[in-house]
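Enquirer: query-v8.txt is reproduced in full below (compact mmCIF, C-alpha atoms).
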# COMPACT_ATOMS: atom_id res chain seq x y z
CA MET A 1 34.35 -15.07 -42.72
CA LYS A 2 33.05 -18.16 -40.91
CA ALA A 3 34.93 -17.12 -37.79
CA ILE A 4 33.21 -13.73 -37.83
CA GLN A 5 29.80 -15.35 -38.32
CA PHE A 6 30.50 -17.73 -35.43
CA PHE A 7 31.51 -14.83 -33.19
CA ILE A 8 28.33 -12.93 -34.08
CA LEU A 9 26.25 -16.03 -33.31
CA ILE A 10 27.85 -16.40 -29.89
CA CYS A 11 27.19 -12.73 -29.12
CA ILE A 12 23.55 -13.15 -30.09
CA LEU A 13 23.15 -16.23 -27.88
CA VAL A 14 24.77 -14.48 -24.91
CA SER A 15 22.60 -11.39 -25.37
CA CYS A 16 19.49 -13.59 -25.40
CA LYS A 17 20.16 -14.66 -21.83
CA LYS A 18 18.01 -12.58 -19.51
CA GLU A 19 18.78 -11.48 -15.99
CA ASN A 20 17.14 -13.46 -13.22
CA ILE A 21 13.83 -12.17 -11.87
CA TYR A 22 13.00 -12.42 -8.18
CA TYR A 23 9.44 -12.27 -6.86
CA TYR A 24 7.83 -11.61 -3.50
CA ALA A 25 5.04 -13.93 -2.33
CA ASN A 26 2.43 -11.76 -4.09
CA ASN A 27 4.39 -11.98 -7.39
CA LYS A 28 5.64 -8.41 -7.12
CA GLU A 29 9.17 -8.18 -8.48
CA ILE A 30 11.97 -7.77 -5.94
CA LYS A 31 14.24 -4.81 -6.66
CA ASP A 32 16.06 -4.33 -3.36
CA SER A 33 19.68 -5.53 -3.59
CA THR A 34 19.82 -6.71 0.04
CA VAL A 35 16.80 -8.96 -0.46
CA ILE A 36 18.19 -10.37 -3.72
CA ARG A 37 21.50 -11.06 -1.97
CA PHE A 38 19.64 -12.92 0.78
CA VAL A 39 17.78 -15.06 -1.79
CA ASP A 40 21.03 -15.73 -3.68
CA VAL A 41 22.50 -17.27 -0.53
CA GLU A 42 19.46 -19.56 -0.33
CA LEU A 43 19.89 -20.48 -4.01
CA LYS A 44 23.44 -21.65 -3.30
CA LYS A 45 22.10 -23.95 -0.58
CA LEU A 46 19.98 -25.58 -3.29
CA ASP A 47 23.11 -25.99 -5.45
CA ILE A 48 21.81 -23.43 -7.92
CA ASP A 49 24.26 -20.81 -9.13
CA PRO A 50 22.75 -17.30 -8.73
CA LYS A 51 24.84 -16.21 -11.73
CA LYS A 52 22.85 -18.56 -13.90
CA LYS A 53 20.56 -16.60 -16.23
CA ASN A 54 16.92 -16.94 -17.25
CA LEU A 55 15.74 -17.88 -13.76
CA LYS A 56 12.48 -16.81 -12.16
CA ILE A 57 12.66 -17.23 -8.38
CA HIS A 58 9.40 -17.12 -6.43
CA THR A 59 9.90 -16.46 -2.73
CA THR A 60 7.82 -16.55 0.44
CA LEU A 61 8.73 -12.98 1.40
CA ASP A 62 6.23 -10.25 2.18
CA SER A 63 6.48 -7.25 -0.15
CA VAL A 64 4.36 -4.76 1.78
CA SER A 65 6.12 -1.38 1.75
CA TYR A 66 9.57 -2.89 2.21
CA GLN A 67 11.61 0.30 2.20
CA THR A 68 8.91 2.36 3.92
CA ASN A 69 8.61 -0.32 6.58
CA LEU A 70 12.34 -0.41 7.15
CA ASP A 71 12.70 3.36 7.35
CA THR A 72 9.74 3.54 9.73
CA ILE A 73 11.21 0.85 11.96
CA ARG A 74 14.63 2.51 12.12
CA THR A 75 13.04 5.89 12.88
CA LYS A 76 10.90 4.39 15.62
CA VAL A 77 13.85 2.54 17.14
CA PHE A 78 15.90 5.75 17.10
CA GLU A 79 13.11 7.73 18.78
CA ILE A 80 12.59 5.17 21.54
CA ALA A 81 16.27 4.43 22.10
CA SER A 82 17.28 8.10 22.18
CA LYS A 83 14.61 8.86 24.80
CA ASN A 84 16.02 6.36 27.28
CA ASN A 85 19.65 7.14 26.43
CA SER A 86 20.30 3.83 24.64
CA ILE A 87 22.11 5.74 21.90
CA PRO A 88 23.46 9.25 21.25
CA LYS A 89 20.66 11.64 20.32
CA ASP A 90 21.94 12.13 16.79
CA LYS A 91 20.01 10.55 13.88
CA ALA A 92 22.91 10.92 11.46
CA LEU A 93 25.19 9.15 13.92
CA PHE A 94 22.61 6.41 14.42
CA ASP A 95 22.27 5.87 10.66
CA GLU A 96 26.04 5.70 10.34
CA TRP A 97 26.68 3.37 13.26
CA VAL A 98 23.81 0.94 13.47
CA ARG A 99 23.23 -1.84 10.94
CA GLU A 100 20.63 -4.57 11.33
CA LYS A 101 19.36 -7.72 9.68
CA ILE A 102 15.95 -9.07 10.67
CA ILE A 103 14.51 -12.42 9.61
CA VAL A 104 10.96 -13.43 10.57
CA VAL A 105 10.02 -17.12 10.25
CA ASP A 106 6.62 -18.78 10.65
CA ASN A 107 6.78 -21.24 13.56
CA LYS A 108 4.42 -23.77 12.01
CA THR A 109 5.69 -23.91 8.42
CA ALA A 110 9.28 -22.58 8.81
CA LYS A 111 8.49 -20.17 5.98
CA VAL A 112 10.55 -16.97 5.99
CA VAL A 113 7.90 -14.26 5.76
CA LYS A 114 9.90 -11.08 6.28
CA PHE A 115 13.45 -9.96 5.68
CA TYR A 116 15.03 -6.56 6.43
CA SER A 117 18.62 -5.48 6.06
CA THR A 118 20.61 -2.25 6.02
CA PHE A 119 23.85 -3.99 5.05
CA LYS A 120 23.92 -2.26 1.68
CA ASN A 121 27.61 -2.91 1.09
CA PRO A 122 28.18 -6.62 0.28
CA LYS A 123 31.72 -6.40 1.70
CA PHE A 124 30.38 -5.80 5.19
CA ASP A 125 27.31 -8.01 5.05
CA ARG A 126 26.90 -10.70 7.72
CA TYR A 127 25.55 -14.22 7.30
CA ASP A 128 26.60 -16.08 10.43
CA LEU A 129 27.28 -15.69 14.14
CA ASN A 130 29.72 -17.10 16.63
CA MET A 131 28.47 -20.44 17.94
CA VAL A 132 29.61 -19.66 21.47
CA GLY A 133 26.48 -17.54 21.97
CA MET A 134 24.28 -20.63 21.63
CA LYS A 135 26.61 -22.90 23.58
CA LYS A 136 24.25 -23.41 26.53
CA LEU A 137 21.24 -24.11 24.33
CA ILE A 138 23.24 -26.64 22.33
CA ASN A 139 24.61 -28.31 25.45
CA MET A 140 21.16 -28.51 27.00
CA GLY A 141 19.70 -29.95 23.81
CA SER A 142 22.46 -32.54 23.52
CA ILE A 143 21.92 -33.70 27.12
CA LEU A 144 18.14 -33.92 26.81
CA SER A 145 18.30 -35.66 23.43
CA GLN A 146 20.02 -38.57 25.17
CA ASN A 147 18.10 -38.36 28.45
CA PRO A 148 14.76 -36.48 28.20
CA ASN A 149 14.34 -36.62 31.97
CA ALA A 150 17.73 -35.16 32.82
CA GLU A 151 17.64 -32.45 35.47
CA ILE A 152 18.61 -29.02 34.17
CA PRO A 153 18.85 -26.15 36.71
CA GLU A 154 16.04 -23.66 36.22
CA ASP A 155 18.49 -20.75 35.97
CA TYR A 156 20.92 -22.59 33.66
CA LEU A 157 20.55 -20.10 30.78
CA ALA A 158 20.42 -17.01 32.99
CA ILE A 159 23.72 -17.57 34.81
CA TYR A 160 26.49 -15.61 33.10
CA THR A 161 29.70 -17.32 32.08
CA SER A 162 32.49 -15.74 30.09
CA ALA A 163 32.57 -16.85 26.47
CA ALA A 164 36.17 -15.75 26.07
CA VAL A 165 37.80 -17.98 28.72
CA HIS A 166 39.28 -21.16 27.27
CA SER A 167 38.47 -24.20 29.37
CA ASP A 168 37.45 -27.84 29.02
CA SER A 169 33.83 -26.75 29.44
CA SER A 170 34.14 -24.73 26.23
CA LYS A 171 35.19 -27.72 24.15
CA ILE A 172 32.52 -29.24 21.94
CA LYS A 173 31.84 -32.67 23.41
CA GLU A 174 30.90 -35.79 21.50
CA ASN A 175 27.22 -35.64 22.48
CA ALA A 176 27.01 -32.04 21.21
CA VAL A 177 28.68 -33.05 17.93
CA GLU A 178 26.12 -35.82 17.52
CA PHE A 179 23.27 -33.45 18.42
CA LEU A 180 24.36 -30.78 15.92
CA SER A 181 24.77 -33.39 13.18
CA LYS A 182 21.01 -33.98 13.38
CA PHE A 183 20.62 -30.39 12.17
CA LYS A 184 23.14 -31.09 9.36
CA ILE A 185 25.72 -28.95 11.13
CA ASP A 186 29.08 -30.68 10.70
CA SER A 187 32.82 -30.03 10.24
CA LEU A 188 33.23 -28.54 13.70
CA ASP A 189 36.44 -27.41 15.39
CA ARG A 190 35.92 -29.19 18.70
CA ARG A 191 38.63 -27.27 20.59
CA HIS A 192 36.30 -24.40 21.49
CA TYR A 193 32.80 -23.19 20.66
CA ASN A 194 34.03 -19.74 19.66
CA LEU A 195 36.09 -21.25 16.85
CA ASN A 196 32.86 -22.18 15.07
CA PHE A 197 30.07 -20.25 13.39
CA LEU A 198 26.37 -20.84 12.79
CA SER A 199 24.48 -19.45 9.84
CA PHE A 200 21.54 -17.25 10.82
CA SER A 201 19.26 -19.92 9.33
CA ASP A 202 20.80 -22.67 11.49
CA ALA A 203 20.45 -20.56 14.64
CA ILE A 204 16.76 -20.04 13.87
CA LYS A 205 16.32 -23.73 13.05
CA ILE A 206 17.71 -24.86 16.41
CA PHE A 207 15.66 -22.33 18.38
CA GLN A 208 12.43 -23.20 16.53
CA THR A 209 13.00 -26.91 17.07
CA PHE A 210 12.93 -26.35 20.82
CA ASN A 211 9.68 -24.40 20.49
CA ARG A 212 8.13 -26.89 18.05
CA ASN A 213 8.16 -29.74 20.59
CA GLY A 214 11.38 -31.16 19.18
CA VAL A 215 10.36 -31.20 15.51
CA CYS A 216 12.97 -29.68 13.18
CA LYS A 217 12.08 -27.93 9.92
CA GLU A 218 14.48 -26.10 7.64
CA PRO A 219 13.63 -22.38 7.31
CA PHE A 220 12.99 -21.61 3.65
CA SER A 221 12.38 -18.53 1.55
CA ILE A 222 12.19 -20.02 -1.97
CA LYS A 223 8.90 -21.56 -3.11
CA SER A 224 9.79 -22.41 -6.68
CA ILE A 225 12.28 -21.73 -9.46
CA LEU A 226 11.74 -21.66 -13.20
CA GLU A 227 14.45 -21.79 -15.84
CA ASN A 228 13.28 -20.63 -19.25
CA ASP A 229 9.77 -20.98 -17.80
CA ASN A 230 10.36 -24.66 -16.98
CA SER A 231 10.17 -25.75 -13.35
CA ILE A 232 13.51 -26.85 -11.87
CA TYR A 233 12.64 -26.60 -8.16
CA THR A 234 9.56 -26.67 -5.93
CA HIS A 235 9.84 -26.59 -2.16
CA LYS A 236 8.72 -29.76 -0.40
CA GLU A 237 7.97 -29.72 3.30
CA ASP A 238 10.18 -31.98 5.36
CA SER A 239 10.63 -32.47 9.09
CA ILE A 240 12.51 -34.65 11.53
CA ASN A 241 11.99 -35.37 15.24
CA ILE A 242 15.15 -34.42 17.11
CA LEU A 243 13.88 -34.11 20.69
CA SER A 244 11.04 -35.68 22.62
CA PRO A 245 8.17 -33.34 23.63
CA ILE A 246 9.24 -33.77 27.27
CA ALA A 247 12.79 -32.64 26.49
CA ALA A 248 11.58 -29.72 24.38
CA LYS A 249 9.26 -28.61 27.18
CA THR A 250 12.17 -28.52 29.62
CA ILE A 251 14.08 -26.22 27.29
CA GLN A 252 11.03 -24.01 26.79
CA ASN A 253 10.71 -23.64 30.57
CA ARG A 254 14.39 -22.65 30.87
CA LEU A 255 13.92 -20.11 28.07
CA ASP A 256 10.89 -18.71 29.92
CA TYR A 257 12.97 -18.33 33.09
CA TYR A 258 15.74 -16.64 31.09
CA LYS A 259 13.27 -14.12 29.66
CA ASP A 260 11.95 -13.24 33.11
CA HIS A 261 15.27 -13.06 34.95
CA HIS A 262 18.14 -12.25 32.59
CA TYR A 263 19.89 -8.90 32.97
CA ARG A 264 18.36 -6.19 30.74
CA ILE A 265 15.76 -8.59 29.39
CA SER A 266 13.31 -8.76 32.31
CA ASP A 267 13.20 -4.95 32.58
CA SER A 268 13.54 -4.07 28.88
CA GLN A 269 9.83 -3.75 28.04
CA VAL A 270 9.90 -6.69 25.66
CA LYS A 271 6.26 -7.30 24.73
CA ASN A 272 4.10 -10.25 23.68
CA THR A 273 6.71 -13.00 23.82
CA HIS A 274 6.65 -16.67 24.76
CA ASN A 275 10.42 -16.94 25.17
CA LEU A 276 13.71 -15.61 23.84
CA ILE A 277 17.47 -15.85 23.92
CA SER A 278 20.08 -13.10 23.48
CA PHE A 279 23.81 -13.32 22.92
CA GLY A 280 26.68 -11.74 21.04
CA VAL A 281 30.32 -10.89 20.69
CA PRO A 282 30.99 -7.14 20.31
CA PRO A 283 30.27 -5.32 18.10
CA ALA A 284 27.49 -7.71 17.05
CA TYR A 285 24.41 -8.62 19.07
CA SER A 286 21.76 -11.25 18.33
CA LEU A 287 18.26 -11.71 19.68
CA ILE A 288 15.89 -14.59 18.86
CA ILE A 289 12.29 -14.18 20.03
CA ASN A 290 9.30 -16.51 19.80
CA ASP A 291 5.95 -14.72 20.02
CA GLY A 292 3.93 -17.92 19.58
CA LYS A 293 3.27 -17.51 15.86
CA TYR A 294 6.61 -16.28 14.51
CA THR A 295 10.28 -16.42 15.39
CA TYR A 296 12.12 -13.10 15.07
CA PHE A 297 15.86 -13.21 14.46
CA ILE A 298 17.37 -9.77 15.05
CA TYR A 299 21.04 -9.17 14.37
CA VAL A 300 22.43 -5.72 15.13
CA VAL A 301 25.93 -4.40 14.56
CA GLY A 302 26.91 -1.25 16.38
CA ALA A 303 30.10 -0.50 14.52
CA VAL A 304 31.09 0.85 11.13
CA VAL A 305 34.50 0.57 9.49
CA THR A 306 35.87 4.08 8.96
CA ASP A 307 39.22 3.10 7.48
CA LEU A 308 39.65 -0.41 6.15
CA HIS A 309 43.42 -0.16 5.70
CA LYS A 310 44.02 1.24 9.17
CA LYS A 311 41.39 -1.13 10.64
CA GLN A 312 39.62 1.75 12.36
CA SER A 313 35.97 1.63 13.37
CA LYS A 314 33.36 3.20 15.64
CA MET A 315 31.48 1.09 18.16
CA ILE A 316 28.31 1.46 20.24
CA PRO A 317 28.64 0.13 23.83
CA PHE A 318 27.42 -3.48 23.96
CA THR A 319 24.95 -2.85 26.79
CA TRP A 320 23.11 -0.40 24.54
CA MET A 321 22.88 -2.98 21.78
CA LYS A 322 20.69 -5.25 23.90
CA ARG A 323 18.12 -2.52 24.38
CA ILE A 324 18.21 -1.64 20.68
CA GLY A 325 17.49 -5.27 19.74
CA ILE A 326 14.35 -5.20 21.92
CA HIS A 327 13.26 -1.92 20.35
CA TYR A 328 13.56 -3.47 16.89
CA TYR A 329 11.32 -6.36 17.93
CA ASN A 330 8.67 -4.09 19.44
CA ALA A 331 8.75 -1.88 16.34
CA ILE A 332 8.64 -4.58 13.70
CA ARG A 333 5.93 -6.63 15.38
CA LYS A 334 3.33 -3.85 15.21
Translate this structure into structure tokens?

Expert:
Amino acid sequence: MKAIQFFILICILVSCKKENIYYYANNKEIKDSTVIRFVDVELKKLDIDPKKKNLKIHTTLDSVSYQTNLDTIRTKVFEIASKNNSIPKDKALFDEWVREKIIVVDNKTAKVVKFYSTFKNPKFDRYDLNMVGMKKLINMGSILSQNPNAEIPEDYLAIYTSAAVHSDSSKIKENAVEFLSKFKIDSLDRRHYNLNFLSFSDAIKIFQTFNRNGVCKEPFSIKSILENDNSIYTHKEDSINILSPIAAKTIQNRLDYYKDHHYRISDSQVKNTHNLISFGVPPAYSLIINDGKYTYFIYVVGAVVTDLHKKQSKMIPFTWMKRIGIHYYNAIRK
């Protein structure tokens, strides 16, 4: 009899535990699964288990017409891209092939203000990118962190070099290891850049540091967390100087040159930008843009798995992906 009573008590206690509630910045409850998944990743960074119950998570994210906004953006991108032959003129094909994740971060506060994703299936969601795409930025930062007056060729970022060729120049050198450690990026495989990955947040953090005169701030999307209505976390602003203003200015100038001269960037109708960088390994393409007030991280995948067991997929040509990334920026910024 006591065993039955104990079992009933346990069931009652378990049933009393409520699901977590997620809130946008205006205290509207978050319902979208892709947004909740994004916030759950941020919870783990705070050593808080998302599976823990009775949590109320208040975020910095904008709630304004999330789904309507996303549908409008995708429709606008399709219309523009199909007109200039960036993609096949088939909306159903576009919806099937193209997946994107967009993160918008305030340059001054490092607050994540917008998040969009069409990675509905958690199995195919993406959270990081190959570090080789940011190899030149990292190398430049590591050189200038040790010698702010070092001479860096104006066209350093714009000159194409193959990311796939293994060479000594692709090894992660000691100064780059030291530089990345300042961003709390460790445990690197030094044999080659393309053997390492950066989280989307870390990629944004590095890029914003260069545009914030060398001051690093961790991008954040969680303002506070309550457990059983008791506060267990409140975000506290923190920053660290990683580069001198002189060094940061040199990098900004090289990013400006890249924007004005890089293939398919200078003639891609990218609007209202201070600087940007683009990179990727097919079928994924990344674009990071600074418009002066916000940093836009745009990650686009132009492939969809059609048969997981047979490892079959469809892929959009990589040159088209660059144009699509620009279209997303122009659409989301308005």

Enquirer: When distances are computed from all atoms listed in the file, which of A:His261, A:His58, A:Lys135, A:Lys89 shows the smallest separation from A:Ala203?

Expert: A:Lys135

Enquirer: Looking at only C-alpha atoms, which of A:Ile246, A:Leu276, A:Lys259, A:Ala331 is the one that sits closest to A:Glu151?

Expert: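 The answer is A:Ile246, which sits nearest to A:Glu151.
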
Enquirer: Report the closest atom pair, with its distance in Å rounded to one decimal, for each residue of stretch 69-140 of chain A that has an atom no farther than 12 Å from stretch 178-187 of chain A; count all atoms listed in the file, sort by chain and then rising residue number, and write it as CSV.

Expert:
residue,atom,partner,partner_atom,distance
A:Met131,CA,A:Ile185,CA,11.2
A:Met134,CA,A:Leu180,CA,11.6
A:Lys135,CA,A:Leu180,CA,11.2
A:Leu137,CA,A:Leu180,CA,11.2
A:Ile138,CA,A:Leu180,CA,7.7
A:Asn139,CA,A:Phe179,CA,8.8
A:Met140,CA,A:Phe179,CA,10.1

Enquirer: Between atom CA of A:Ser117 and atom CA of A:Tyr22, measure the distance and give it in Å to one decimal.

Expert: 16.8 Å

Enquirer: Which residue gives the smallest distance to A:Ser224 among A:His274, A:Lys136, A:Lys56, A:Lys171, with only C-alpha atoms counted?

Expert: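 That would be A:Lys56, the residue with the smallest distance to A:Ser224.
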
Enquirer: So, with all atoms listed in the file as the atoms that count, which of A:Ile57, A:Ile36, A:Ala25, A:Val98 lies closest to A:Val112?

Expert: A:Ala25

Enquirer: Can you tell me how far atom CA of A:Asp229 sits from atom CA of A:Asn27, in Å to one decimal?

Expert: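 It comes out at 14.8 Å.
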
Enquirer: Would you compute the distance between atom CA of A:Lys18 and atom CA of A:Lys31? Give it in Å to one decimal.

Expert: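 According to the coordinates, atom CA of A:Lys18 and atom CA of A:Lys31 are separated by 15.5 Å.
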
Enquirer: So that I can see what lies close to A:Ser33, please list as a PDB file with C-alpha atoms, keeping the file's coordinate frame the residues with an atom at most 10 Å from it, counting all atoms listed in the file and leaving out residues fewer than 3 positions away in the same chain.

Expert:
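Below is the file that was written, out.pdb:
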ATOM      1  CA  ILE A  30      11.970  -7.770  -5.940  1.00  0.00           C
ATOM      2  CA  ILE A  36      18.190 -10.370  -3.720  1.00  0.00           C
ATOM      3  CA  ARG A  37      21.500 -11.060  -1.970  1.00  0.00           C
ATOM      4  CA  PHE A  38      19.640 -12.920   0.780  1.00  0.00           C
ATOM      5  CA  VAL A  39      17.780 -15.060  -1.790  1.00  0.00           C
ATOM      6  CA  SER A 117      18.620  -5.480   6.060  1.00  0.00           C
ATOM      7  CA  PHE A 119      23.850  -3.990   5.050  1.00  0.00           C
ATOM      8  CA  LYS A 120      23.920  -2.260   1.680  1.00  0.00           C
ATOM      9  CA  ASN A 121      27.610  -2.910   1.090  1.00  0.00           C
ATOM     10  CA  PRO A 122      28.180  -6.620   0.280  1.00  0.00           C
TER      11      PRO A 122
END

Enquirer: Name the residues in contact with A:Ile152 at a cut-off of 10 Å, using all atoms listed in the file, excluding same-chain residues fewer than 4 positions from it; report them as a list of chain:residue names.

Expert: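 In the requested format, the answer is A:Met140, A:Ile143, A:Leu144, A:Tyr156, A:Leu157, A:Thr250, A:Ile251, A:Arg254.
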
Enquirer: Go through A:Ser244, A:Ser201, A:Thr319, A:Thr209 one by one, measure the shortest atom-to-atom distance of each to A:Ile298 using only C-alpha atoms, and give the residue with the smallest value.

Expert: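 Going through A:Ser244, A:Ser201, A:Thr319, A:Thr209 one by one, the smallest distance to A:Ile298 is for A:Ser201.
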
Enquirer: Near A:Phe94, counting all atoms listed in the file, which residues have an atom at most 10 Å away, once you skip same-chain residues fewer than 4 positions from it, shown as a ChimeraX atom specification?

Expert: /A:74-75,77-78,82,87-90,98-99,302,316

Enquirer: Taking all atoms listed in the file into account, which of A:Ile242, A:Ile102, A:Ile326, A:Leu129 comes nearest A:Ser142?

Expert: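 Distance minimum relative to A:Ser142 lands on A:Ile242.
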
Enquirer: Give as an mmCIF file with C-alpha atoms, keeping the file's coordinate frame every residue, naming chains and numbers as the document does, that has an atom within 12 Å of (7.2, -5.8, 17.5), counting all atoms listed in the file.

Expert:
data_model
loop_
_atom_site.group_PDB
_atom_site.id
_atom_site.type_symbol
_atom_site.label_atom_id
_atom_site.label_comp_id
_atom_site.auth_asym_id
_atom_site.auth_seq_id
_atom_site.Cartn_x
_atom_site.Cartn_y
_atom_site.Cartn_z
ATOM 1 C CA ILE A 73 11.210 0.850 11.960
ATOM 2 C CA LYS A 76 10.900 4.390 15.620
ATOM 3 C CA VAL A 77 13.850 2.540 17.140
ATOM 4 C CA ILE A 102 15.950 -9.070 10.670
ATOM 5 C CA VAL A 104 10.960 -13.430 10.570
ATOM 6 C CA GLN A 269 9.830 -3.750 28.040
ATOM 7 C CA VAL A 270 9.900 -6.690 25.660
ATOM 8 C CA LYS A 271 6.260 -7.300 24.730
ATOM 9 C CA ASN A 272 4.100 -10.250 23.680
ATOM 10 C CA THR A 273 6.710 -13.000 23.820
ATOM 11 C CA ILE A 289 12.290 -14.180 20.030
ATOM 12 C CA ASN A 290 9.300 -16.510 19.800
ATOM 13 C CA ASP A 291 5.950 -14.720 20.020
ATOM 14 C CA TYR A 294 6.610 -16.280 14.510
ATOM 15 C CA THR A 295 10.280 -16.420 15.390
ATOM 16 C CA TYR A 296 12.120 -13.100 15.070
ATOM 17 C CA PHE A 297 15.860 -13.210 14.460
ATOM 18 C CA ILE A 298 17.370 -9.770 15.050
ATOM 19 C CA GLY A 325 17.490 -5.270 19.740
ATOM 20 C CA ILE A 326 14.350 -5.200 21.920
ATOM 21 C CA HIS A 327 13.260 -1.920 20.350
ATOM 22 C CA TYR A 328 13.560 -3.470 16.890
ATOM 23 C CA TYR A 329 11.320 -6.360 17.930
ATOM 24 C CA ASN A 330 8.670 -4.090 19.440
ATOM 25 C CA ALA A 331 8.750 -1.880 16.340
ATOM 26 C CA ILE A 332 8.640 -4.580 13.700
ATOM 27 C CA ARG A 333 5.930 -6.630 15.380
ATOM 28 C CA LYS A 334 3.330 -3.850 15.210
#
